[in-house]
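Report on one structure; see the data block that follows.
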Amino acid sequence: MFEVRRSRPFAIVHALFTLFLLALALASLWYSYRAGFEGSQDTLYAGMFFAVILTVYFFNTLIHCIDRTPLVSVRPEGLHMPTALPDPIPWSRVQRAAHPGGLMGRHRVDLDIDPALRLQATLGMRIAGDPIVGRRGTTTISVITQGLDCRPADLLAAIKRYWPPPDMPDEG
C-alpha cells in the first residue's frame, strides 16, 4: 500500500510565512491605535480584515502540520481518496492515469474515472490549495502533489502497479 500525506515541511513554511504576515497586519493595527486612528478608517478596517483572514489561514496550516491522515492511498482493491469519496475507486472504474508534466501539469496526476463515480465525488478547488480537484465538464480527478509528501512520478508508479487491471487493456 502506498499512502500520500501532506508534507510537514511545506506546511511549516506556510505557517511561518503566514505568521510573519499576521505580525505585519497586527503591527499595522497597533500603529493605527497608537496614532489615535487618525486619518482614514479604511486603514483600520483593512488591517482587521487581513488579521482575521491570516489568523484563520495560520490555524489551518497548523492543522495541516499536525494532521497525518493519508489523502490518497493506493491499494490492491482501488484508489482511496477519503476527502473526495468515502469508498475506494475500484481499478476497473479508472479509465486513464497520467502525469501530464510540463509547466502546468508538473505537480499533477490526472485520473479519468467512471462518470457516475465522478458525479458522487466531493472535490476541492485548485485556487483554494486543495490537493484533490476536478475540472467541470470532465470525468477527470487530479491529485495536486505540490504540498504533499510524494512526487507525481512516485504516485503514478504506485498506481501502475495495480492499474490497468488484467482484464483491461493498457492505455498508458
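How things are named: the first chain in the C-alpha cells is A, the next is B, and so on; residues count from 1 in each chain; ligands count from 1 in the order shown.
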Practice task
From chain A, collect each residue whose DSSP state is strand (DSSP E or B) and return the set as a PyMOL selection string.
Solution key: chain A and resi 2-4+6+72-75+78-80+89+94-98+101+108-113+124+132-134+140-144+148
Practice task
Would you mind listing what lies within 8 Å of region 52-58 of chain A as an NGL selection string, with only C-alpha atoms counted and same-chain residues fewer than 5 positions away left out?
Solution key: :A and (15 or 18-19 or 21-22)
Practice task
For CA of Thr140 (chain A) and CA of Thr61 (chain A), quote the distance in Å rounded to one decimal.
Solution key: 27.2 Å
Practice task
Considering only C-alpha atoms, state which residue in the set A:Ala84, A:Pro76, A:Trp91, A:Val4 is at the smallest distance from Met125 (chain A).
Solution key: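 Distance minimum relative to Met125 (chain A) lands on A:Ala84.
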Problem - Residue set, region 16-97 of chain A restricted to alpha helix (DSSP H), as a ChimeraX atom specification - result: /A:16-34,41-66
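Relative to CA of Asp130 (chain A), CA of His14 (chain A) is found at 14.2 Å.
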Problem - Selected residue of minimal separation from Phe2 (chain A) among A:Leu85, A:Leu26, A:Val74, A:Cys65, counting only C-alpha atoms - result: A:Val74
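All residues of protein, DNA or RNA that reach within 7 Å of Pro152 (chain A), judged by only C-alpha atoms and not counting those fewer than 4 positions away in the chain, are His99, His107, Arg108, Val109, Thr145 and Leu156 of chain A.
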Problem - Separation of CA of Ser73 (chain A) from CA of Met1 (chain A) in Å - result: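 It comes out at 6.9 Å.
Of the residues under consideration (A:Thr139, A:Val133, A:Leu29, A:Ala157), A:Leu29 shows the shortest atom-to-atom contact distance to Gln41 (chain A) when counting only C-alpha atoms.
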